[in-house]
Amino acid sequence: PRAMSLDHDAILSMPSLNVGTGCYSPRAHYQIPPAIDEEKERKIREMKEKEEVHFNADQLRDVLRQERMRSGKLLHDLNLLRKSFISQQNDSEAEEERLVNGMMKRLDCVKKEKEQMIIGFGFGREEAMLSKFDKH
């Protein structure tokens, strides 16, 4: 399928829908926003490339410097996200372990209560049977 062609102003005026807002939107349902965002980025890239054709060496160095800075920021953000993910994963595992340990302790308590009830019930029956024998 061919992507539709839009002019630069039309692309920039298109809203970017946030699919994670919880609000229903038919456009979000059919995954149109990512396609629109990709089209916006592609058109902007094409416009910049057309402008850069006429740049001199100093201007191209500036563009390269800006791209390196952008790349560095993205790398920094990626590292922060990785650290955050690892931290969240460790927190989740610790919480899971805490919950499992709590359930295991509760299960042990229930088993002990059950054993005590069985023992108590067993002694009660023995006492009742002994009292029956004592009456005869």
# chains A, B, ... in the order shown; residues from 1 in each chain; ligands from 1

$ residues_around --residues "Leu60 in chain A" --least-positions-apart "6" --cutoff "12 Å" --atoms "only C-alpha atoms" --output "ChimeraX atom specification"
/A:48-49,51-54,66-67

$ atom_distance --atom1 "CA of Met104 in chain A" --atom2 "CA of Gln88 in chain A"
24.1 Å

$ atom_distance --atom1 "CA of Glu46 in chain A" --atom2 "CA of Leu74 in chain A"
21.4 Å
